[in-house]
$ cat final17.txt   # compact mmCIF, C-alpha atoms and all ligand atoms
# COMPACT_ATOMS: atom_id res chain seq x y z
CA MET A 1 4.55 292.95 195.46
CA ALA A 2 7.19 294.31 193.03
CA ALA A 3 7.42 292.62 189.65
CA VAL A 4 10.33 290.22 189.18
CA ALA A 5 12.46 290.73 186.03
CA ALA A 6 11.82 288.10 183.35
CA PRO A 7 14.82 285.78 182.95
CA ASP A 8 17.25 286.00 180.01
CA LEU A 9 16.60 283.03 177.76
CA GLN A 10 18.90 281.45 175.18
CA PRO A 11 17.85 279.57 172.04
CA PRO A 12 16.70 277.00 171.41
CA LEU A 13 13.81 277.76 173.73
CA HIS A 14 12.10 274.73 175.20
CA GLY A 15 8.38 275.14 174.51
CA ALA A 16 5.28 273.01 175.16
CA VAL A 17 1.51 273.06 174.65
CA VAL A 18 -1.06 272.46 177.37
CA GLY A 19 -4.32 271.20 175.86
CA LEU A 20 -4.29 269.26 172.57
CA GLY A 21 -7.78 270.24 171.43
CA MET A 22 -9.05 272.16 168.43
CA ILE A 23 -6.50 274.98 168.71
CA GLY A 24 -3.80 273.27 170.79
CA ARG A 25 -3.17 270.74 168.00
CA HIS A 26 -2.22 273.61 165.67
CA HIS A 27 0.13 275.13 168.25
CA ALA A 28 1.72 271.68 168.64
CA ARG A 29 2.08 271.29 164.84
CA ILE A 30 3.86 274.64 164.57
CA LEU A 31 6.01 274.28 167.71
CA GLN A 32 7.35 270.94 166.48
CA GLY A 33 9.00 272.79 163.58
CA LEU A 34 9.53 276.33 164.84
CA ASP A 35 12.96 277.84 164.31
CA ARG A 36 14.97 278.42 167.55
CA VAL A 37 12.51 276.31 169.56
CA ARG A 38 12.85 272.74 170.82
CA PHE A 39 9.51 271.01 171.35
CA ALA A 40 9.28 269.95 175.00
CA GLY A 41 6.00 268.04 174.74
CA ALA A 42 2.27 268.49 175.25
CA VAL A 43 -0.10 267.93 178.15
CA ASP A 44 -3.56 266.49 177.70
CA PRO A 45 -5.09 263.91 180.04
CA ASP A 46 -7.50 262.94 177.23
CA GLY A 47 -4.71 261.93 174.88
CA ASP A 48 -3.73 263.21 171.45
CA ARG A 49 -7.20 263.13 169.85
CA TYR A 50 -6.13 264.83 166.63
CA GLY A 51 -2.84 263.02 166.18
CA ALA A 52 -0.86 266.25 166.51
CA LEU A 53 2.30 264.76 168.01
CA ARG A 54 5.02 263.24 165.85
CA ASP A 55 6.22 261.21 168.83
CA PRO A 56 3.46 259.82 171.13
CA GLY A 57 6.08 259.80 173.92
CA ASP A 58 5.91 263.62 173.95
CA ARG A 59 2.50 263.59 175.66
CA PHE A 60 2.12 264.07 179.42
CA ASP A 61 -0.94 263.61 181.61
CA SER A 62 -0.35 266.69 183.76
CA VAL A 63 1.56 269.95 183.85
CA ASP A 64 3.48 268.67 186.88
CA ALA A 65 4.70 265.67 184.86
CA LEU A 66 5.79 268.01 182.04
CA LEU A 67 7.65 270.25 184.51
CA ALA A 68 9.40 267.23 186.03
CA ALA A 69 10.57 266.04 182.59
CA GLY A 70 13.22 268.74 182.08
CA ARG A 71 13.88 272.31 180.97
CA LEU A 72 10.78 274.29 180.03
CA ASP A 73 10.96 277.96 179.04
CA PHE A 74 7.42 278.54 177.84
CA ALA A 75 4.09 276.87 177.27
CA VAL A 76 1.02 277.68 175.20
CA VAL A 77 -2.09 277.43 177.38
CA ALA A 78 -4.80 275.99 175.11
CA VAL A 79 -7.17 274.42 177.65
CA PRO A 80 -10.85 275.47 177.96
CA THR A 81 -11.13 279.10 179.09
CA GLU A 82 -12.37 278.21 182.60
CA GLU A 83 -9.13 276.21 183.11
CA HIS A 84 -6.71 279.01 182.11
CA LEU A 85 -6.12 280.32 185.66
CA PRO A 86 -5.12 277.04 187.38
CA VAL A 87 -2.89 276.01 184.47
CA VAL A 88 -1.22 279.44 184.30
CA ARG A 89 -0.71 279.34 188.08
CA THR A 90 1.19 276.03 187.95
CA LEU A 91 3.31 277.15 185.00
CA ALA A 92 4.10 280.68 186.22
CA GLU A 93 4.96 279.45 189.71
CA GLY A 94 7.31 276.98 188.01
CA GLY A 95 9.03 279.93 186.28
CA VAL A 96 7.56 279.10 182.84
CA SER A 97 6.45 281.90 180.49
CA VAL A 98 2.95 281.58 179.05
CA LEU A 99 1.17 282.34 175.81
CA ILE A 100 -2.46 282.12 176.90
CA GLU A 101 -5.15 281.41 174.32
CA LYS A 102 -7.87 284.04 174.03
CA PRO A 103 -9.90 285.07 175.90
CA LEU A 104 -7.45 285.62 178.76
CA ALA A 105 -9.97 284.20 181.24
CA ALA A 106 -13.63 283.40 181.68
CA THR A 107 -14.17 286.31 184.11
CA ALA A 108 -12.45 289.60 184.84
CA GLY A 109 -11.72 288.28 188.36
CA GLN A 110 -9.82 285.31 186.92
CA GLY A 111 -8.12 287.64 184.45
CA ARG A 112 -6.91 289.91 187.27
CA ALA A 113 -5.60 286.86 189.16
CA ILE A 114 -3.60 285.89 186.04
CA ALA A 115 -2.23 289.44 185.73
CA ASP A 116 -1.18 289.36 189.41
CA LEU A 117 0.49 285.96 189.00
CA VAL A 118 2.47 287.14 185.99
CA ARG A 119 3.65 290.27 187.83
CA ARG A 120 4.57 288.32 190.97
CA THR A 121 6.47 285.53 189.23
CA GLY A 122 8.12 287.75 186.59
CA VAL A 123 7.47 285.35 183.72
CA HIS A 124 6.72 286.65 180.23
CA ALA A 125 3.06 286.39 179.25
CA ALA A 126 0.92 287.23 176.24
CA VAL A 127 -2.60 286.50 175.01
CA GLY A 128 -3.35 284.64 171.77
CA HIS A 129 -5.61 287.13 170.00
CA VAL A 130 -4.64 285.53 166.71
CA GLU A 131 -6.74 287.82 164.50
CA ARG A 132 -4.14 290.54 165.07
CA TYR A 133 -1.74 288.43 163.00
CA ASN A 134 -4.11 287.98 160.06
CA PRO A 135 -2.39 289.50 157.00
CA ALA A 136 -5.56 291.32 155.90
CA LEU A 137 -6.00 292.98 159.29
CA LEU A 138 -2.31 293.86 159.64
CA GLU A 139 -2.45 295.58 156.25
CA LEU A 140 -5.81 297.19 157.05
CA ARG A 141 -4.38 298.70 160.23
CA ARG A 142 -1.22 299.89 158.49
CA ARG A 143 -3.26 301.66 155.80
CA VAL A 144 -5.59 303.30 158.32
CA GLN A 145 -2.63 304.49 160.39
CA ASP A 146 -1.03 305.86 157.21
CA GLY A 147 -4.15 307.99 156.71
CA GLN A 148 -5.58 306.27 153.60
CA LEU A 149 -9.16 306.71 154.87
CA GLY A 150 -8.67 310.16 156.39
CA GLN A 151 -10.79 310.52 159.49
CA VAL A 152 -12.27 307.18 160.60
CA PHE A 153 -16.00 307.11 161.41
CA LEU A 154 -16.87 303.45 162.00
CA ILE A 155 -15.32 300.03 162.65
CA ALA A 156 -17.79 297.22 161.97
CA THR A 157 -17.21 293.50 162.36
CA GLU A 158 -19.23 290.39 161.51
CA ARG A 159 -18.30 286.97 162.88
CA LEU A 160 -21.02 284.47 162.03
CA GLY A 161 -21.23 280.72 161.71
CA PRO A 162 -22.57 277.44 163.07
CA PHE A 163 -22.06 276.41 166.71
CA PRO A 164 -18.85 274.46 167.43
CA ASP A 165 -20.25 271.79 169.74
CA ARG A 166 -17.14 271.50 171.95
CA ILE A 167 -17.63 274.84 173.74
CA ARG A 168 -19.28 274.34 177.11
CA ASP A 169 -17.93 276.95 179.50
CA VAL A 170 -18.72 280.35 177.94
CA GLY A 171 -21.16 281.96 175.53
CA VAL A 172 -20.58 283.61 172.16
CA VAL A 173 -19.64 286.93 173.77
CA LYS A 174 -16.61 285.59 175.63
CA ASP A 175 -15.69 282.89 173.14
CA LEU A 176 -16.03 284.72 169.82
CA ALA A 177 -16.88 288.39 170.35
CA THR A 178 -13.67 288.82 172.36
CA HIS A 179 -11.91 288.68 168.95
CA ASP A 180 -14.00 291.66 167.84
CA LEU A 181 -13.74 293.63 171.09
CA ASP A 182 -9.97 293.27 170.89
CA LEU A 183 -9.93 294.25 167.20
CA VAL A 184 -12.02 297.40 167.48
CA ARG A 185 -9.63 298.79 170.14
CA TRP A 186 -6.50 297.67 168.29
CA LEU A 187 -7.68 298.99 164.91
CA GLY A 188 -9.19 302.15 166.38
CA GLY A 189 -6.17 302.86 168.58
CA ALA A 190 -8.31 303.80 171.60
CA PRO A 191 -10.13 302.12 174.51
CA VAL A 192 -13.86 301.43 174.50
CA GLU A 193 -15.71 304.30 176.15
CA ARG A 194 -19.21 302.78 176.19
CA VAL A 195 -21.23 299.92 174.74
CA ALA A 196 -24.87 298.94 174.28
CA ALA A 197 -25.69 295.31 173.46
CA GLN A 198 -28.43 292.78 172.82
CA THR A 199 -28.06 289.02 173.08
CA GLN A 200 -30.24 286.08 172.10
CA HIS A 201 -30.42 282.50 173.42
CA ARG A 202 -31.78 280.37 170.58
CA MET A 203 -30.12 276.97 171.09
CA GLY A 204 -31.35 276.24 174.61
CA ARG A 205 -27.87 276.50 176.14
CA GLU A 206 -27.18 278.35 179.38
CA HIS A 207 -25.13 280.99 177.52
CA GLU A 208 -26.06 283.41 174.73
CA ASP A 209 -25.53 282.44 171.09
CA LEU A 210 -25.97 285.80 169.32
CA VAL A 211 -24.82 289.30 170.20
CA LEU A 212 -25.09 292.76 168.69
CA ALA A 213 -22.73 295.21 170.36
CA THR A 214 -22.70 298.87 169.39
CA GLY A 215 -20.44 301.40 171.01
CA ARG A 216 -17.94 304.19 170.89
CA LEU A 217 -14.20 304.37 171.43
CA GLU A 218 -12.65 307.16 173.49
CA SER A 219 -11.46 308.62 170.16
CA ALA A 220 -15.17 309.09 169.20
CA VAL A 221 -14.98 306.35 166.52
CA SER A 222 -18.19 304.27 166.47
CA PHE A 223 -18.11 300.48 166.37
CA ASN A 224 -20.59 297.72 165.72
CA CYS A 225 -20.03 293.98 166.16
CA VAL A 226 -22.46 291.26 165.04
CA VAL A 227 -21.43 287.83 166.30
CA ASP A 228 -23.36 284.57 166.34
CA TRP A 229 -23.30 280.79 166.42
CA LEU A 230 -26.61 280.54 164.54
CA SER A 231 -25.67 281.20 160.91
CA PRO A 232 -25.46 278.40 158.34
CA THR A 233 -22.31 279.84 156.79
CA LYS A 234 -19.08 281.23 158.18
CA VAL A 235 -18.43 284.98 157.82
CA ARG A 236 -15.42 286.87 159.20
CA ARG A 237 -15.50 290.47 158.01
CA THR A 238 -14.07 293.71 159.36
CA ARG A 239 -14.68 297.02 157.66
CA ILE A 240 -13.49 300.49 158.47
CA LEU A 241 -15.34 303.47 157.04
CA GLY A 242 -13.70 306.87 156.81
CA GLU A 243 -13.96 310.17 155.01
CA ARG A 244 -12.17 308.90 151.87
CA GLY A 245 -13.74 305.45 151.52
CA MET A 246 -13.93 302.03 153.11
CA LEU A 247 -11.45 299.18 153.68
CA VAL A 248 -12.92 295.68 154.03
CA ALA A 249 -10.95 292.71 155.38
CA ASP A 250 -12.12 289.12 155.03
CA THR A 251 -10.09 287.16 157.55
CA LEU A 252 -11.21 283.74 156.26
CA THR A 253 -9.54 284.38 152.90
CA ALA A 254 -7.10 287.08 154.13
CA ASP A 255 -8.37 289.48 151.45
CA LEU A 256 -8.31 293.25 151.80
CA THR A 257 -10.34 295.49 149.50
CA PHE A 258 -10.49 299.27 149.27
CA PHE A 259 -13.64 301.02 148.05
CA ALA A 260 -12.65 304.60 147.31
CA ASN A 261 -15.10 307.47 147.35
CA GLY A 262 -15.66 308.76 143.83
CA ASP A 263 -15.20 312.28 142.54
CA THR A 264 -18.40 314.04 143.46
CA THR A 265 -19.30 315.70 140.18
CA SER A 266 -22.94 314.58 139.93
CA GLU A 267 -25.82 317.04 139.94
CA TRP A 268 -26.84 315.70 143.32
CA ALA A 269 -23.43 316.38 144.86
CA ALA A 270 -23.32 319.76 143.17
CA SER A 271 -26.49 320.88 144.92
CA GLN A 272 -25.93 323.29 147.75
CA SER A 273 -27.98 321.37 150.29
CA LEU A 274 -26.56 317.81 149.95
CA ARG A 275 -23.06 316.45 150.30
CA GLY A 276 -22.95 312.73 149.61
CA VAL A 277 -20.53 309.97 148.76
CA SER A 278 -20.37 308.39 145.31
CA GLU A 279 -18.88 305.11 144.19
CA GLY A 280 -15.23 305.22 143.17
CA ASP A 281 -12.59 302.67 142.28
CA MET A 282 -12.36 299.32 144.01
CA THR A 283 -8.92 297.76 144.64
CA ARG A 284 -8.16 294.32 146.03
CA TYR A 285 -4.63 294.21 147.40
CA ALA A 286 -2.22 291.36 146.78
CA LEU A 287 -0.94 290.29 150.20
CA ALA A 288 1.73 287.87 151.40
CA ARG A 289 -0.35 285.35 153.32
CA ARG A 290 1.54 283.89 156.29
CA GLU A 291 -0.29 281.66 158.77
CA PRO A 292 -1.47 283.93 161.62
CA LEU A 293 -0.83 281.34 164.36
CA LEU A 294 2.76 280.88 163.14
CA VAL A 295 3.34 284.66 163.18
CA GLU A 296 1.84 284.82 166.70
CA LEU A 297 4.19 282.09 167.97
CA GLU A 298 7.19 283.73 166.30
CA ALA A 299 6.35 287.02 168.01
CA PHE A 300 6.12 285.34 171.42
CA ARG A 301 9.39 283.49 170.84
CA ASP A 302 11.08 286.75 169.82
CA LEU A 303 9.80 288.47 172.97
CA LEU A 304 11.36 285.72 175.09
CA LEU A 305 14.63 286.03 173.18
CA GLY A 306 14.85 289.70 174.11
CA ASP A 307 13.00 291.54 171.30
CA ALA A 308 11.16 294.14 173.38
CA GLY A 309 9.38 295.35 170.23
CA ALA A 310 7.85 291.93 169.42
CA LEU A 311 4.16 292.40 168.55
CA VAL A 312 2.43 290.48 171.31
CA VAL A 313 -0.92 291.14 172.99
CA THR A 314 -0.24 291.96 176.63
CA VAL A 315 -2.09 290.49 179.60
CA ASP A 316 -3.43 293.96 180.43
CA GLU A 317 -4.90 294.21 176.93
CA GLY A 318 -6.36 290.72 177.32
CA LEU A 319 -7.90 291.78 180.63
CA ASP A 320 -9.40 294.93 179.05
CA THR A 321 -11.04 292.69 176.45
CA VAL A 322 -12.61 290.49 179.14
CA LEU A 323 -13.84 293.66 180.89
CA CYS A 324 -15.40 294.82 177.60
CA ALA A 325 -17.07 291.41 177.19
CA GLU A 326 -18.51 291.72 180.71
CA ALA A 327 -19.75 295.22 179.84
CA VAL A 328 -21.47 293.77 176.75
CA LEU A 329 -23.19 291.11 178.88
CA ALA A 330 -24.14 293.68 181.55
CA SER A 331 -25.68 295.91 178.89
CA ALA A 332 -27.57 293.03 177.30
CA SER A 333 -29.04 292.02 180.64
CA SER A 334 -29.91 295.52 181.90
CA GLY A 335 -30.91 297.13 178.61
CA GLU A 336 -28.69 300.10 179.57
CA THR A 337 -25.64 301.53 177.85
CA VAL A 338 -22.57 300.63 179.92
CA ALA A 339 -19.55 302.92 180.35
CA LEU A 340 -16.09 301.44 180.75
CA GLU A 341 -13.27 302.84 182.81
CA PRO A 342 -9.90 301.39 181.79
CA GLY A 343 -8.95 298.64 184.23
CA ALA A 344 -12.13 298.96 186.27
CA ALA A 345 -15.36 297.01 186.43
CA PRO A 346 -17.99 298.37 184.03
CA SER A 347 -20.75 300.53 185.46
CA PRO A 348 -24.13 301.38 183.88
CA THR A 349 -24.45 305.01 182.70
N1 LIG A 401 -7.35 281.90 168.91
C1 LIG A 401 -8.40 281.30 168.40
O1 LIG A 401 -8.89 281.62 167.32
C2 LIG A 401 -9.02 280.17 169.18
C3 LIG A 401 -9.73 279.18 168.51
C4 LIG A 401 -10.25 278.14 169.26
C5 LIG A 401 -10.09 278.13 170.63
N2 LIG A 401 -9.42 279.14 171.25
C6 LIG A 401 -9.25 279.14 172.72
O2 LIG A 401 -8.39 278.05 173.05
C7 LIG A 401 -8.82 277.44 174.27
C8 LIG A 401 -9.11 275.96 173.99
O3 LIG A 401 -10.17 275.90 173.05
P1 LIG A 401 -10.37 274.60 172.11
O4 LIG A 401 -11.44 274.97 171.18
O5 LIG A 401 -9.07 274.13 171.59
O6 LIG A 401 -10.94 273.58 173.19
P2 LIG A 401 -11.02 271.98 173.07
O7 LIG A 401 -12.09 271.58 174.01
O8 LIG A 401 -11.06 271.54 171.66
O9 LIG A 401 -9.60 271.51 173.66
C9 LIG A 401 -9.21 271.70 174.99
C10 LIG A 401 -8.29 270.55 175.37
O10 LIG A 401 -7.74 270.81 176.67
C11 LIG A 401 -7.69 269.58 177.38
N3 LIG A 401 -7.63 269.91 178.80
C12 LIG A 401 -8.64 270.27 179.63
N4 LIG A 401 -8.14 270.55 180.86
C13 LIG A 401 -6.81 270.35 180.80
C14 LIG A 401 -5.75 270.49 181.74
N5 LIG A 401 -5.98 270.92 182.98
N6 LIG A 401 -4.49 270.19 181.33
C15 LIG A 401 -4.24 269.79 180.05
N7 LIG A 401 -5.21 269.64 179.13
C16 LIG A 401 -6.47 269.94 179.49
C17 LIG A 401 -8.91 268.82 176.94
O11 LIG A 401 -8.74 267.42 177.13
C18 LIG A 401 -8.99 269.21 175.46
O12 LIG A 401 -8.33 268.27 174.63
C19 LIG A 401 -10.04 278.24 174.74
O13 LIG A 401 -9.59 279.24 175.63
C20 LIG A 401 -10.55 278.90 173.46
O14 LIG A 401 -11.23 280.12 173.69
C21 LIG A 401 -8.88 280.14 170.56
$ encode --input "final17.txt" --output "structure tokens" --more "lines below"
Ligand SMILES: NC(=O)c1ccc[n+]([C@@H]2O[C@H](COP(=O)([O-])OP(=O)(O)OC[C@H]3O[C@@H](n4cnc5c(N)ncnc54)[C@H](O)[C@@H]3O)[C@@H](O)[C@H]2O)c1
Amino acid sequence: MAAVAAPDLQPPLHGAVVGLGMIGRHHARILQGLDRVRFAGAVDPDGDRYGALRDPGDRFDSVDALLAAGRLDFAVVAVPTEEHLPVVRTLAEGGVSVLIEKPLAATAGQGRAIADLVRRTGVHAAVGHVERYNPALLELRRRVQDGQLGQVFLIATERLGPFPDRIRDVGVVKDLATHDLDLVRWLGGAPVERVAAQTQHRMGREHEDLVLATGRLESAVSFNCVVDWLSPTKVRRTRILGERGMLVADTLTADLTFFANGDTTSEWAASQSLRGVSEGDMTRYALARREPLLVELEAFRDLLLGDAGALVVTVDEGLDTVLCAEAVLASASSGETVALEPGAAPSPT
């Protein structure tokens, strides 16, 4: 069926949150004060556990009750990942645009159903890959695109920490490593060509709690992601290595550091047979630190208000990330390297 054009919307936009859990409470906090947006309420049948709402009367028990309450232009879908599809269906069929928390869906099949719904109903939709709005990663990407590192060899991420007990429906690959699988493609500017992965199950849950995923982008850049729920401290690190040095982003502190290659004047470097890298200057950049979730919501609002250049993560990109996550799981279970075709199910090489 042909896509329907998204409607023209006028400010203030009426926006709501569905799911007032760990992340939904932050969306609600921001939406209650966001410029050119009027807060239309929040849906959670379990109540407002974190006290996110200024007015308790803004809470609804169901999406249908929210829809019946008045004008609604968009909603943030912040329910558990398995619930994204039914909630998006009700909203999109009601003509409401959706910012869907990451990952887009728990399976590629559910992700494709969401993409079809969005096309059929003509609503605006985006995926909440919030790391893309982290100031350190935005600056890292800008510097790489400006050629600071020269040719890029490797993108490596680490996302470690203790298990957040609330997650029941997916494992660490779909819950956490989807951040990394999105980032390596966004930072590297190319799709994943192939991936080889290992997982571990150490906590006795149905799903994996540690993953190592190593692969290659279509641009021939290598990537490596280490992600777990088993570490006693939280680490969020992305580094890009290139011919002129290395940029390292810490997304917990929003710090970005450049380690330049030194001038290679040592005897070792002067030898005919060896060409190595030496240590050069280290620079930590001063960055303006805006809250990533606020920047994400502003971008989605601007898209709805007609800014076609607003930096949002599309549903197709979100679907590609779920496909990459399924390729990672397929590789971990088969022991084979898995090749990805854009938009298609992964197949073992
Ligand atoms: N972008 C990020 O960094 C980030 C961080 C955390 C979670 N998330 C994503 O956000 C989503 C929610 O995760 P969470 O950690 O906030 O989960 P959570 O369990 O803390 O909260 C989910 C909330 O949704 C409510 N809910 C369940 N079904 C509902 C329905 N049909 N209608 C309305 N409310 C419903 C639950 O009562 C609960 O309060 C997941 O997709 C997760 O992957 C993203």
$ residues_around --input "final17.txt" --residues "A:Gly280" --least-positions-apart "3" --cutoff "9 Å" --atoms "all atoms listed in the file" --output "PyMOL selection string"
chain A and resi 245+259-263
$ residues_near_ligand --input "final17.txt" --ligand "ligand LIG 401 (chain A)" --cutoff "7 Å" --atoms "only C-alpha atoms and all ligand atoms" --output "list in words"
Val18, Gly19, Leu20, Gly21, Met22, Ile23, Gly24, Val43, Asp44, Pro45, Asp46, Ser62, Val63, Ala78, Val79, Pro80, Thr81, Glu83, Val87, Glu101, Lys102, Pro103, Gly128, His129, Val130, Arg166, Ile167 and Asp175 of chain A
$ atom_distance --input "final17.txt" --atom1 "atom CA of A:Arg142" --atom2 "atom CA of A:Leu247"
11.3 Å
$ residues_near_point --input "final17.txt" --point "(-12.0, 303.4, 173.1)" --cutoff "12 Å" --atoms "all atoms listed in the file" --output "VMD selection string"
chain A and resid 155 181 to 195 215 to 223 320 to 321 324 339 to 342
$ closest_residue --input "final17.txt" --among "A:Ala16, A:Val152, A:Leu66, A:Leu241" --to "A:Leu297" --atoms "only C-alpha atoms"
A:Ala16
$ atom_distance --input "final17.txt" --atom1 "atom CA of A:Ala108" --atom2 "atom CA of A:Ser333"
17.3 Å
$ closest_residue --input "final17.txt" --among "A:Val170, A:Leu160, A:Leu176, A:Leu34" --to "A:Lys234" --atoms "all atoms listed in the file"
A:Leu160
$ atom_distance --input "final17.txt" --atom1 "atom CA of A:Gly171" --atom2 "atom CA of A:Pro292"
24.2 Å
$ closest_residue --input "final17.txt" --among "A:Gly306, A:Gly242, A:Gly41, A:Gly94" --to "A:Leu149" --atoms "all atoms listed in the file"
A:Gly242
$ residues_around --input "final17.txt" --residues "A:Ala254" --least-positions-apart "3" --cutoff "10 Å" --atoms "all atoms listed in the file" --output "ChimeraX atom specification"
/A:134-139,236-237,249-251,286-292
$ closest_residue --input "final17.txt" --among "A:Arg205, A:Arg284, A:Arg132, A:Arg159" --to "A:Val248" --atoms "all atoms listed in the file"
A:Arg284
$ residues_around --input "final17.txt" --residues "A:Gly111" --least-positions-apart "2" --cutoff "9 Å" --atoms "only C-alpha atoms" --output "PyMOL selection string"
chain A and resi 85+104-109+113-116+315-316+318-319+322
$ residues_around --input "final17.txt" --residues "A:Leu9" --least-positions-apart "5" --cutoff "9 Å" --atoms "all atoms listed in the file" --output "PyMOL selection string"
chain A and resi 73+304-306
$ write_last_selection --input "final17.txt" --atoms "C-alpha atoms" --output "PDB file, in the coordinates of the input"
ATOM      1  CA  ASP A  73      10.960 277.960 179.040  1.00  0.00           C
ATOM      2  CA  LEU A 304      11.360 285.720 175.090  1.00  0.00           C
ATOM      3  CA  LEU A 305      14.630 286.030 173.180  1.00  0.00           C
ATOM      4  CA  GLY A 306      14.850 289.700 174.110  1.00  0.00           C
TER       5      GLY A 306
END
$ build_atoms --input "final17.txt" --residues "stretch 286-297 of chain A" --atoms "N, CA and C atoms" --output "CSV table (one decimal), in the frame of the given file"
chain,number,residue,atom,x,y,z
A,286,ALA,N,-2.9,292.6,146.7
A,286,ALA,CA,-2.2,291.4,146.8
A,286,ALA,C,-1.4,291.3,148.1
A,287,LEU,N,-1.6,290.3,148.9
A,287,LEU,CA,-0.9,290.3,150.2
A,287,LEU,C,-0.1,289.0,150.3
A,288,ALA,N,1.0,289.1,151.0
A,288,ALA,CA,1.7,287.9,151.4
A,288,ALA,C,0.9,287.2,152.5
A,289,ARG,N,0.5,286.0,152.3
A,289,ARG,CA,-0.4,285.4,153.3
A,289,ARG,C,0.4,284.4,154.2
A,290,ARG,N,0.9,284.8,155.4
A,290,ARG,CA,1.5,283.9,156.3
A,290,ARG,C,0.5,283.4,157.3
A,291,GLU,N,0.7,282.2,157.8
A,291,GLU,CA,-0.3,281.7,158.8
A,291,GLU,C,-0.3,282.5,160.1
A,292,PRO,N,-1.4,283.0,160.4
A,292,PRO,CA,-1.5,283.9,161.6
A,292,PRO,C,-0.9,283.3,162.9
A,293,LEU,N,-1.3,282.0,163.1
A,293,LEU,CA,-0.8,281.3,164.4
A,293,LEU,C,0.7,281.2,164.4
A,294,LEU,N,1.3,281.0,163.2
A,294,LEU,CA,2.8,280.9,163.1
A,294,LEU,C,3.4,282.2,163.5
A,295,VAL,N,2.8,283.3,162.9
A,295,VAL,CA,3.3,284.7,163.2
A,295,VAL,C,3.2,285.0,164.7
A,296,GLU,N,2.1,284.6,165.3
A,296,GLU,CA,1.8,284.8,166.7
A,296,GLU,C,2.9,284.1,167.5
A,297,LEU,N,3.2,282.8,167.2
A,297,LEU,CA,4.2,282.1,168.0
A,297,LEU,C,5.6,282.6,167.8
